[in-house]
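Below is one structure; the comments refer to it alone.
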Amino acid sequence: MQPFTYARPATADEAVAAFASAGEGARYIAGGTTLYDLMKLRVEAPRHLIDVTAIAGLDAVDTSGDVLRFGALAPMSTVARDPVLECDYPVLAEALWKAASQQLRNMATVGGNLLQRTRCMYFRHGAGSVSGGVAPYPCNKREPGSGCAAIGGLDRGQAVLGTSAACTAVSPGDWPVALTAMDAAVEVRGPGGDRTIRIADFYRLPGDTPERENVLEPGEMIVAILVPKTPAGRRSTYHKIRDRESYAFALASAAVALEMSGERITDARIALGGVATVPWRSADAEAVLTGAVVTRERAMDAGRAAFADARPGRHNAFKIELGARTVADAIMIAAERNA
């Protein structure tokens with residue numbers, strides 16, 4: 001095992017200071033469900049761990065005001081059980097319930113989940129065997145400039161939207177997809193102070209720098225997630241298609257929220273998961289629905305519009321039709337819910 005130092009500050013300000021003091025190679029850790037996994041695979045090798053789990057109040061959940069506020073340390077399972085979400089924002093509760101296993105949901109935090117890294121098998125083959133050595137496959141996300149073995153390789157699980165010549169790895173989360181549909185924002189604290197980032201601006205497309213997955217600056221930590229309340233929340237759903245129902249990452253998923261006047265849609269919010277390099281908001285699909293009467297045919301039109309710019313690889317073209325049908329199913333589920 002590679003040695004590392006460990007600190008457990010009592011406040012967010014102390015955590016930021018500890019990170020700055022530790023310097024290069026520092027990582028924040030909370031639930032640890034991603035970082036410990038990647039350390040065992042030798043993909044991550046932090047030299048300093050800043051454990052933020054002792055920070056009081058960072059797990060608070062407040063759904064009483066005009067904005068839903070989730071402290072970054074709130075466990076996924078706790079937020080999923082919140083009665084306001086279950087009644088008024090099922091897309092958020094379902095995204096959490098359909099993520100991971102119960103044991104992982106009890107450990108993982110809603111803040112840490114935003115930083116979950118890709119399940120691309122080429123990325124996760126870090127330094128090879130436990131005895132170390134050269135990584136078996138190139139990966140620009142793990143080792144910038146090394147290449148991408150997924151392009152032209154076994155790419156069944158790779159993205160068809162938002163890809164680049166350097167990376168096709170799928171963004172793995174469910175929760176970030178639902179937050180994208182709901183126009184959420186992320187509160188962060190760092191050496192430069194506090195700032196709020198729209199979730200739509202939080203993730204970076206891979207481009208030529210796939211190793212940079214979000215816009216966080218060194219030392220910045222997520223302290224809360226904010227979701228503006230909206231009538232669209234009640235007619236919402238998170239629909240996820242996976243290889244096995246018990247526990248698997250999405251092959252395709254859709255978060256849909258609708259506002260309706262009678263049978264006509266007045267506002268549509270659609271985000272996709274399992275098919276893109278970032279949580280993917282589809283303005284084209286939303287435009288197809290806005291002002292329309294809900295029918296299965298129109299829902300399929302919206303689904304196909306969402307994938308109009310898709311670029312399949314060797315083995316993942318099936319995601320285009322699967323994804324379109326997933327969007328259509330989610331639209332019909334959301335439309336049938338009582339506002």
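Just so we're on the same page: first chain in the structure tokens is A, next is B, and so on; residues restart at 1 for each chain, and ligands are numbered from 1 in the order they show up.
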
Test item, strand (DSSP E or B) assignment across region 48-205 of chain A, answer as number ranges by chain: A: 48-51, 61-62, 67-71, 75, 109, 139, 148, 161, 185-190, 193-198, 203

Find the residues around Arg204 (chain A) up to 8 Å (only C-alpha atoms counted), leave out those fewer than 5 positions away in its own chain, and share them as a PDB file with N, CA, C and O atoms, in the first residue's frame.
ATOM      1  N   ARG A 212     -10.049  16.220 -16.916  1.00  0.00           N
ATOM      2  CA  ARG A 212     -10.710  17.302 -16.170  1.00  0.00           C
ATOM      3  C   ARG A 212     -12.223  17.123 -16.327  1.00  0.00           C
ATOM      4  O   ARG A 212     -12.808  17.492 -17.337  1.00  0.00           O
ATOM      5  N   GLU A 213     -12.852  16.547 -15.313  1.00  0.00           N
ATOM      6  CA  GLU A 213     -14.241  16.114 -15.449  1.00  0.00           C
ATOM      7  C   GLU A 213     -15.246  17.155 -14.965  1.00  0.00           C
ATOM      8  O   GLU A 213     -16.432  17.044 -15.257  1.00  0.00           O
ATOM      9  N   ASN A 214     -14.806  18.119 -14.179  1.00  0.00           N
ATOM     10  CA  ASN A 214     -15.717  19.142 -13.682  1.00  0.00           C
ATOM     11  C   ASN A 214     -14.942  20.452 -13.523  1.00  0.00           C
ATOM     12  O   ASN A 214     -13.737  20.506 -13.798  1.00  0.00           O
ATOM     13  N   VAL A 215     -15.653  21.484 -13.074  1.00  0.00           N
ATOM     14  CA  VAL A 215     -15.036  22.818 -13.017  1.00  0.00           C
ATOM     15  C   VAL A 215     -14.522  23.167 -11.619  1.00  0.00           C
ATOM     16  O   VAL A 215     -14.152  24.325 -11.373  1.00  0.00           O
ATOM     17  N   VAL A 278     -21.326  13.332 -20.156  1.00  0.00           N
ATOM     18  CA  VAL A 278     -21.753  14.148 -19.013  1.00  0.00           C
ATOM     19  C   VAL A 278     -23.263  13.959 -18.866  1.00  0.00           C
ATOM     20  O   VAL A 278     -23.919  13.508 -19.813  1.00  0.00           O
TER      21      VAL A 278
END

Once you count only C-alpha atoms, what closest atom pair and distance in Å to one decimal does each residue of region 150-243 of chain A within 8 Å of region 20-31 of chain A have, with rows by chain and rising residue number, as JSON lines?
{"residue": "A:Pro191", "atom": "CA", "partner": "A:Ala20", "partner_atom": "CA", "distance": 7.5}
{"residue": "A:Gly219", "atom": "CA", "partner": "A:Ala20", "partner_atom": "CA", "distance": 6.3}
{"residue": "A:Met221", "atom": "CA", "partner": "A:Tyr28", "partner_atom": "CA", "distance": 7.5}

Using 9 Å as the limit and counting only C-alpha atoms, can you tabulate each residue of region 47-130 of chain A that touches region 255-263 of chain A, with its shortest atom-to-atom distance in Å and the two atoms involved, as a Markdown table?
| residue | atom | partner | partner_atom | distance |
| --- | --- | --- | --- | --- |
| A:Tyr89 | CA | A:Ala257 | CA | 8.9 |
| A:Val91 | CA | A:Ala255 | CA | 6.4 |
| A:Leu92 | CA | A:Ala255 | CA | 8.7 |
| A:Ala95 | CA | A:Ala255 | CA | 8.2 |

Residues near Ala169 (chain A), cut-off 10 Å, only C-alpha atoms, skip fewer than 5 positions along chain, as a list of chain:residue names: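 In the requested format, the answer is A:Arg117, A:Thr118, A:Arg119, A:Cys120, A:Met121, A:Tyr122, A:Phe123, A:Cys139, A:Lys141, A:Cys148, A:Ala150, A:Ile151, A:Asp155, A:Gly157, A:Gln158, A:Ala159, A:Val160, A:Gly162, A:Thr163, A:Ser164, A:Pro206, A:Pro210, A:Gly274, A:Val275, A:Ala276, A:Thr277, A:Val278.
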
Preceding selection exported with N, CA and C atoms as an mmCIF file, in the first residue's frame:
data_model
loop_
_atom_site.group_PDB
_atom_site.id
_atom_site.type_symbol
_atom_site.label_atom_id
_atom_site.label_comp_id
_atom_site.auth_asym_id
_atom_site.auth_seq_id
_atom_site.Cartn_x
_atom_site.Cartn_y
_atom_site.Cartn_z
ATOM 1 N N ARG A 117 -16.679 8.598 -10.567
ATOM 2 C CA ARG A 117 -15.930 8.525 -11.823
ATOM 3 C C ARG A 117 -16.433 7.384 -12.699
ATOM 4 N N THR A 118 -16.060 7.446 -13.951
ATOM 5 C CA THR A 118 -16.615 6.538 -14.949
ATOM 6 C C THR A 118 -16.316 5.068 -14.635
ATOM 7 N N ARG A 119 -17.191 4.205 -15.109
ATOM 8 C CA ARG A 119 -16.974 2.763 -14.976
ATOM 9 C C ARG A 119 -16.295 2.190 -16.215
ATOM 10 N N CYS A 120 -15.855 3.020 -17.129
ATOM 11 C CA CYS A 120 -15.157 2.529 -18.328
ATOM 12 C C CYS A 120 -14.057 1.559 -17.901
ATOM 13 N N MET A 121 -14.110 0.341 -18.447
ATOM 14 C CA MET A 121 -13.173 -0.695 -17.970
ATOM 15 C C MET A 121 -11.733 -0.365 -18.332
ATOM 16 N N TYR A 122 -11.525 0.406 -19.366
ATOM 17 C CA TYR A 122 -10.153 0.776 -19.717
ATOM 18 C C TYR A 122 -9.599 1.795 -18.718
ATOM 19 N N PHE A 123 -10.466 2.672 -18.236
ATOM 20 C CA PHE A 123 -10.053 3.625 -17.209
ATOM 21 C C PHE A 123 -9.732 2.913 -15.896
ATOM 22 N N CYS A 139 -5.393 5.122 -21.534
ATOM 23 C CA CYS A 139 -6.612 5.839 -21.180
ATOM 24 C C CYS A 139 -6.259 7.301 -20.953
ATOM 25 N N LYS A 141 -8.108 9.613 -19.856
ATOM 26 C CA LYS A 141 -8.691 10.126 -18.621
ATOM 27 C C LYS A 141 -7.814 9.762 -17.419
ATOM 28 N N CYS A 148 -6.700 6.205 -26.144
ATOM 29 C CA CYS A 148 -7.994 5.685 -25.676
ATOM 30 C C CYS A 148 -8.229 4.313 -26.294
ATOM 31 N N ALA A 150 -10.712 2.426 -25.689
ATOM 32 C CA ALA A 150 -12.143 2.163 -25.915
ATOM 33 C C ALA A 150 -12.543 2.491 -27.349
ATOM 34 N N ILE A 151 -11.897 3.486 -27.946
ATOM 35 C CA ILE A 151 -12.213 3.853 -29.327
ATOM 36 C C ILE A 151 -11.651 2.769 -30.252
ATOM 37 N N ASP A 155 -16.637 -1.353 -26.846
ATOM 38 C CA ASP A 155 -17.258 -0.088 -26.466
ATOM 39 C C ASP A 155 -18.764 -0.216 -26.234
ATOM 40 N N GLY A 157 -20.493 -0.270 -23.622
ATOM 41 C CA GLY A 157 -20.997 0.614 -22.581
ATOM 42 C C GLY A 157 -20.635 2.070 -22.768
ATOM 43 N N GLN A 158 -19.964 2.404 -23.867
ATOM 44 C CA GLN A 158 -19.449 3.769 -24.017
ATOM 45 C C GLN A 158 -20.537 4.747 -24.456
ATOM 46 N N ALA A 159 -20.184 6.025 -24.448
ATOM 47 C CA ALA A 159 -21.134 7.092 -24.765
ATOM 48 C C ALA A 159 -21.349 7.212 -26.281
ATOM 49 N N VAL A 160 -22.520 7.736 -26.632
ATOM 50 C CA VAL A 160 -22.811 8.067 -28.029
ATOM 51 C C VAL A 160 -23.075 9.565 -28.197
ATOM 52 N N GLY A 162 -21.673 13.539 -26.878
ATOM 53 C CA GLY A 162 -20.658 14.310 -26.159
ATOM 54 C C GLY A 162 -19.275 13.706 -26.185
ATOM 55 N N THR A 163 -19.009 12.787 -27.099
ATOM 56 C CA THR A 163 -17.706 12.138 -27.145
ATOM 57 C C THR A 163 -16.684 13.023 -27.863
ATOM 58 N N SER A 164 -15.423 12.637 -27.747
ATOM 59 C CA SER A 164 -14.358 13.334 -28.472
ATOM 60 C C SER A 164 -13.373 12.299 -28.991
ATOM 61 N N PRO A 206 -15.408 15.978 -22.529
ATOM 62 C CA PRO A 206 -14.012 15.506 -22.515
ATOM 63 C C PRO A 206 -13.081 16.309 -23.411
ATOM 64 N N PRO A 210 -9.865 15.003 -21.183
ATOM 65 C CA PRO A 210 -10.887 14.203 -20.481
ATOM 66 C C PRO A 210 -10.575 13.977 -19.008
ATOM 67 N N GLY A 274 -26.315 7.450 -18.946
ATOM 68 C CA GLY A 274 -25.862 6.171 -19.488
ATOM 69 C C GLY A 274 -25.488 6.217 -20.955
ATOM 70 N N VAL A 275 -25.655 7.354 -21.601
ATOM 71 C CA VAL A 275 -25.416 7.445 -23.038
ATOM 72 C C VAL A 275 -24.473 8.579 -23.421
ATOM 73 N N ALA A 276 -24.066 9.384 -22.451
ATOM 74 C CA ALA A 276 -23.282 10.579 -22.758
ATOM 75 C C ALA A 276 -22.102 10.705 -21.797
ATOM 76 N N THR A 277 -21.163 11.552 -22.171
ATOM 77 C CA THR A 277 -19.960 11.739 -21.363
ATOM 78 C C THR A 277 -20.206 12.636 -20.150
ATOM 79 N N VAL A 278 -21.326 13.332 -20.156
ATOM 80 C CA VAL A 278 -21.753 14.148 -19.013
ATOM 81 C C VAL A 278 -23.263 13.959 -18.866
#

With a distance cut-off of 12 Å and only C-alpha atoms, select the neighbouring residues of Glu321 (chain A), excluding the residue or stretch itself and same-chain residues fewer than 6 positions from it, and output the selection as a PDB file with N, CA, C and O atoms, in the first residue's frame.
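The resulting file, selection-v5.pdb, is shown below:
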ATOM      1  N   VAL A 160     -22.520   7.736 -26.632  1.00  0.00           N
ATOM      2  CA  VAL A 160     -22.811   8.067 -28.029  1.00  0.00           C
ATOM      3  C   VAL A 160     -23.075   9.565 -28.197  1.00  0.00           C
ATOM      4  O   VAL A 160     -23.279  10.037 -29.303  1.00  0.00           O
ATOM      5  N   LEU A 251     -27.625   1.470 -18.894  1.00  0.00           N
ATOM      6  CA  LEU A 251     -27.332   1.458 -20.328  1.00  0.00           C
ATOM      7  C   LEU A 251     -27.924   2.705 -20.966  1.00  0.00           C
ATOM      8  O   LEU A 251     -27.361   3.281 -21.884  1.00  0.00           O
ATOM      9  N   ALA A 252     -29.089   3.080 -20.468  1.00  0.00           N
ATOM     10  CA  ALA A 252     -29.744   4.325 -20.878  1.00  0.00           C
ATOM     11  C   ALA A 252     -30.707   4.719 -19.770  1.00  0.00           C
ATOM     12  O   ALA A 252     -31.320   3.853 -19.140  1.00  0.00           O
ATOM     13  N   VAL A 275     -25.655   7.354 -21.601  1.00  0.00           N
ATOM     14  CA  VAL A 275     -25.416   7.445 -23.038  1.00  0.00           C
ATOM     15  C   VAL A 275     -24.473   8.579 -23.421  1.00  0.00           C
ATOM     16  O   VAL A 275     -24.116   8.710 -24.592  1.00  0.00           O
ATOM     17  N   MET A 300     -42.104   9.471 -28.773  1.00  0.00           N
ATOM     18  CA  MET A 300     -41.016   8.852 -29.548  1.00  0.00           C
ATOM     19  C   MET A 300     -40.291   9.895 -30.398  1.00  0.00           C
ATOM     20  O   MET A 300     -39.073   9.819 -30.582  1.00  0.00           O
ATOM     21  N   ASP A 301     -41.052  10.857 -30.933  1.00  0.00           N
ATOM     22  CA  ASP A 301     -40.399  11.936 -31.684  1.00  0.00           C
ATOM     23  C   ASP A 301     -39.386  12.667 -30.797  1.00  0.00           C
ATOM     24  O   ASP A 301     -38.279  13.005 -31.234  1.00  0.00           O
ATOM     25  N   GLY A 303     -37.901  11.420 -28.138  1.00  0.00           N
ATOM     26  CA  GLY A 303     -36.786  10.500 -27.873  1.00  0.00           C
ATOM     27  C   GLY A 303     -35.793  10.478 -29.026  1.00  0.00           C
ATOM     28  O   GLY A 303     -34.571  10.511 -28.815  1.00  0.00           O
ATOM     29  N   ARG A 304     -36.305  10.434 -30.231  1.00  0.00           N
ATOM     30  CA  ARG A 304     -35.400  10.389 -31.397  1.00  0.00           C
ATOM     31  C   ARG A 304     -34.683  11.735 -31.579  1.00  0.00           C
ATOM     32  O   ARG A 304     -33.519  11.774 -31.995  1.00  0.00           O
ATOM     33  N   ALA A 305     -35.358  12.818 -31.243  1.00  0.00           N
ATOM     34  CA  ALA A 305     -34.696  14.130 -31.328  1.00  0.00           C
ATOM     35  C   ALA A 305     -33.521  14.208 -30.361  1.00  0.00           C
ATOM     36  O   ALA A 305     -32.500  14.847 -30.657  1.00  0.00           O
ATOM     37  N   ALA A 306     -33.662  13.544 -29.235  1.00  0.00           N
ATOM     38  CA  ALA A 306     -32.587  13.566 -28.232  1.00  0.00           C
ATOM     39  C   ALA A 306     -31.308  12.912 -28.751  1.00  0.00           C
ATOM     40  O   ALA A 306     -30.213  13.232 -28.277  1.00  0.00           O
ATOM     41  N   PHE A 307     -31.445  12.004 -29.707  1.00  0.00           N
ATOM     42  CA  PHE A 307     -30.282  11.262 -30.198  1.00  0.00           C
ATOM     43  C   PHE A 307     -29.920  11.632 -31.638  1.00  0.00           C
ATOM     44  O   PHE A 307     -29.177  10.901 -32.299  1.00  0.00           O
ATOM     45  N   ALA A 308     -30.428  12.752 -32.114  1.00  0.00           N
ATOM     46  CA  ALA A 308     -30.162  13.144 -33.502  1.00  0.00           C
ATOM     47  C   ALA A 308     -28.673  13.337 -33.773  1.00  0.00           C
ATOM     48  O   ALA A 308     -28.204  13.114 -34.886  1.00  0.00           O
ATOM     49  N   ALA A 310     -26.227  11.714 -32.141  1.00  0.00           N
ATOM     50  CA  ALA A 310     -25.457  10.605 -31.555  1.00  0.00           C
ATOM     51  C   ALA A 310     -24.415  10.076 -32.542  1.00  0.00           C
ATOM     52  O   ALA A 310     -24.644  10.040 -33.752  1.00  0.00           O
ATOM     53  N   PRO A 312     -22.361   6.633 -32.735  1.00  0.00           N
ATOM     54  CA  PRO A 312     -22.076   5.322 -32.144  1.00  0.00           C
ATOM     55  C   PRO A 312     -20.682   4.825 -32.492  1.00  0.00           C
ATOM     56  O   PRO A 312     -20.074   5.245 -33.485  1.00  0.00           O
ATOM     57  N   VAL A 327     -36.476   7.467 -23.251  1.00  0.00           N
ATOM     58  CA  VAL A 327     -37.019   8.827 -23.121  1.00  0.00           C
ATOM     59  C   VAL A 327     -38.534   8.805 -23.309  1.00  0.00           C
ATOM     60  O   VAL A 327     -39.285   9.404 -22.527  1.00  0.00           O
ATOM     61  N   ALA A 328     -39.004   8.117 -24.336  1.00  0.00           N
ATOM     62  CA  ALA A 328     -40.445   8.068 -24.613  1.00  0.00           C
ATOM     63  C   ALA A 328     -41.201   7.425 -23.447  1.00  0.00           C
ATOM     64  O   ALA A 328     -42.259   7.929 -23.036  1.00  0.00           O
TER      65      ALA A 328
END

Sel. of alpha helix (DSSP H) residues, region 129-178 of chain A, as a ChimeraX atom specification: /A:175-178

Region 174-180 of chain A surroundings by only C-alpha atoms, 10 Å radius, close-in-sequence under 4 positions cut, as a ChimeraX atom specification: /A:76,89-100,110-111,113-116,184-186,198-203,225-227,236-240,249-250,253-257,269-274,278-281

Please produce a file of those selected residues containing N, CA and C atoms, as a short mmCIF file (atom, residue, chain, number, x, y, z; two decimals), in the first residue's frame.
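In the end it all went to out10.cif:
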data_model
loop_
_atom_site.label_atom_id
_atom_site.label_comp_id
_atom_site.auth_asym_id
_atom_site.auth_seq_id
_atom_site.Cartn_x
_atom_site.Cartn_y
_atom_site.Cartn_z
N MET A 76 -27.24 9.11 0.61
CA MET A 76 -28.20 8.95 -0.48
C MET A 76 -29.49 8.32 0.01
N TYR A 89 -41.29 15.42 -5.82
CA TYR A 89 -40.15 15.37 -6.74
C TYR A 89 -39.69 13.92 -6.93
N PRO A 90 -40.60 13.07 -7.43
CA PRO A 90 -40.22 11.65 -7.56
C PRO A 90 -38.99 11.42 -8.43
N VAL A 91 -38.72 12.30 -9.38
CA VAL A 91 -37.52 12.12 -10.22
C VAL A 91 -36.26 12.10 -9.36
N LEU A 92 -36.23 12.89 -8.29
CA LEU A 92 -35.04 12.92 -7.42
C LEU A 92 -34.97 11.67 -6.56
N ALA A 93 -36.11 11.30 -5.96
CA ALA A 93 -36.11 10.11 -5.11
C ALA A 93 -35.80 8.86 -5.92
N GLU A 94 -36.39 8.74 -7.10
CA GLU A 94 -36.17 7.53 -7.91
C GLU A 94 -34.73 7.42 -8.40
N ALA A 95 -34.12 8.56 -8.73
CA ALA A 95 -32.72 8.52 -9.17
C ALA A 95 -31.83 7.98 -8.07
N LEU A 96 -32.15 8.30 -6.82
CA LEU A 96 -31.35 7.79 -5.70
C LEU A 96 -31.67 6.33 -5.42
N TRP A 97 -32.95 5.97 -5.43
CA TRP A 97 -33.32 4.58 -5.15
C TRP A 97 -32.76 3.62 -6.19
N LYS A 98 -32.64 4.08 -7.43
CA LYS A 98 -32.19 3.19 -8.51
C LYS A 98 -30.67 3.19 -8.67
N ALA A 99 -29.98 3.89 -7.81
CA ALA A 99 -28.52 3.93 -7.87
C ALA A 99 -27.93 2.95 -6.85
N ALA A 100 -27.02 2.12 -7.29
CA ALA A 100 -26.24 1.26 -6.39
C ALA A 100 -27.10 0.31 -5.57
N VAL A 110 -24.72 12.43 -1.05
CA VAL A 110 -25.25 13.07 -2.26
C VAL A 110 -24.23 14.03 -2.89
N GLY A 111 -23.32 14.55 -2.08
CA GLY A 111 -22.27 15.40 -2.65
C GLY A 111 -21.21 14.58 -3.35
N ASN A 113 -21.55 11.73 -4.64
CA ASN A 113 -22.09 11.08 -5.83
C ASN A 113 -21.90 11.93 -7.08
N LEU A 114 -21.83 13.24 -6.92
CA LEU A 114 -21.61 14.10 -8.08
C LEU A 114 -20.21 13.92 -8.66
N LEU A 115 -19.31 13.35 -7.86
CA LEU A 115 -17.92 13.20 -8.30
C LEU A 115 -17.56 11.76 -8.63
N GLN A 116 -18.59 10.92 -8.72
CA GLN A 116 -18.34 9.52 -9.08
C GLN A 116 -17.66 9.46 -10.45
N ALA A 184 -30.65 22.16 -11.00
CA ALA A 184 -30.01 22.28 -9.69
C ALA A 184 -28.74 23.13 -9.77
N ALA A 185 -28.22 23.45 -8.60
CA ALA A 185 -26.95 24.17 -8.49
C ALA A 185 -26.13 23.54 -7.36
N VAL A 186 -24.85 23.78 -7.38
CA VAL A 186 -23.93 23.20 -6.40
C VAL A 186 -23.22 24.32 -5.66
N ARG A 198 -24.13 26.36 -11.42
CA ARG A 198 -25.25 25.62 -12.00
C ARG A 198 -24.79 24.22 -12.39
N ILE A 199 -25.64 23.23 -12.13
CA ILE A 199 -25.25 21.86 -12.46
C ILE A 199 -24.99 21.74 -13.97
N ALA A 200 -25.69 22.56 -14.76
CA ALA A 200 -25.48 22.53 -16.21
C ALA A 200 -24.07 22.97 -16.59
N ASP A 201 -23.42 23.71 -15.69
CA ASP A 201 -22.06 24.20 -15.96
C ASP A 201 -21.00 23.43 -15.16
N PHE A 202 -21.43 22.45 -14.38
CA PHE A 202 -20.51 21.79 -13.44
C PHE A 202 -19.61 20.77 -14.14
N TYR A 203 -20.17 20.04 -15.10
CA TYR A 203 -19.39 18.97 -15.75
C TYR A 203 -18.79 19.46 -17.06
N ILE A 225 -26.23 20.99 -2.25
CA ILE A 225 -26.89 20.94 -3.56
C ILE A 225 -28.23 21.66 -3.41
N LEU A 226 -28.53 22.54 -4.34
CA LEU A 226 -29.76 23.33 -4.30
C LEU A 226 -30.64 23.00 -5.49
N VAL A 227 -31.93 22.77 -5.22
CA VAL A 227 -32.87 22.49 -6.31
C VAL A 227 -34.06 23.45 -6.17
N SER A 236 -42.98 13.92 -12.66
CA SER A 236 -41.59 13.64 -13.01
C SER A 236 -41.26 12.19 -12.72
N THR A 237 -40.21 11.71 -13.38
CA THR A 237 -39.76 10.34 -13.14
C THR A 237 -38.30 10.19 -13.57
N TYR A 238 -37.65 9.19 -12.98
CA TYR A 238 -36.32 8.77 -13.45
C TYR A 238 -36.46 7.33 -13.90
N HIS A 239 -36.28 7.11 -15.20
CA HIS A 239 -36.48 5.80 -15.80
C HIS A 239 -35.12 5.26 -16.22
N LYS A 240 -34.78 4.08 -15.74
CA LYS A 240 -33.41 3.55 -15.92
C LYS A 240 -33.46 2.14 -16.50
N PHE A 249 -25.16 -0.24 -13.53
CA PHE A 249 -25.17 1.12 -14.06
C PHE A 249 -26.07 1.16 -15.29
N ALA A 250 -26.52 2.37 -15.64
CA ALA A 250 -27.51 2.51 -16.71
C ALA A 250 -26.90 2.24 -18.08
N SER A 253 -30.82 6.00 -19.52
CA SER A 253 -31.77 6.48 -18.52
C SER A 253 -32.28 7.84 -18.95
N ALA A 254 -33.43 8.21 -18.36
CA ALA A 254 -34.00 9.52 -18.68
C ALA A 254 -34.67 10.09 -17.44
N ALA A 255 -34.37 11.34 -17.16
CA ALA A 255 -35.07 12.09 -16.13
C ALA A 255 -35.99 13.07 -16.85
N VAL A 256 -37.29 12.97 -16.55
CA VAL A 256 -38.28 13.80 -17.24
C VAL A 256 -39.17 14.47 -16.21
N ALA A 257 -39.44 15.75 -16.40
CA ALA A 257 -40.39 16.50 -15.57
C ALA A 257 -41.24 17.35 -16.50
N ARG A 269 -38.83 19.10 -19.26
CA ARG A 269 -37.41 19.03 -18.87
C ARG A 269 -36.95 17.59 -19.08
N ILE A 270 -35.91 17.40 -19.86
CA ILE A 270 -35.45 16.05 -20.20
C ILE A 270 -33.93 16.00 -20.09
N ALA A 271 -33.43 15.06 -19.31
CA ALA A 271 -31.99 14.82 -19.21
C ALA A 271 -31.74 13.32 -19.38
N LEU A 272 -30.58 13.00 -19.96
CA LEU A 272 -30.25 11.61 -20.29
C LEU A 272 -29.05 11.14 -19.49
N GLY A 273 -29.06 9.85 -19.17
CA GLY A 273 -27.92 9.22 -18.50
C GLY A 273 -27.55 7.92 -19.18
N GLY A 274 -26.31 7.45 -18.95
CA GLY A 274 -25.86 6.17 -19.49
C GLY A 274 -25.49 6.22 -20.96
N VAL A 278 -21.33 13.33 -20.16
CA VAL A 278 -21.75 14.15 -19.01
C VAL A 278 -23.26 13.96 -18.87
N PRO A 279 -23.86 14.30 -17.70
CA PRO A 279 -25.33 14.31 -17.64
C PRO A 279 -25.85 15.23 -18.75
N TRP A 280 -26.76 14.71 -19.56
CA TRP A 280 -27.03 15.34 -20.86
C TRP A 280 -28.44 15.92 -20.91
N ARG A 281 -28.55 17.23 -20.92
CA ARG A 281 -29.84 17.90 -21.09
C ARG A 281 -30.15 17.99 -22.58
#

From A:Leu289, A:Ala283, A:Val294, A:Ile241, residue lying nearest Ile333 (chain A) [only C-alpha atoms]: A:Val294

Using only C-alpha atoms: which of A:His315, A:Arg8, A:Arg244, A:Arg325 has the shortest distance to Asp51 (chain A): A:Arg8

Computed interatomic separation between CA of Ile265 (chain A) and CA of Ala292 (chain A) (Å):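 Rounded to one decimal, the two atoms are 5.6 Å apart.
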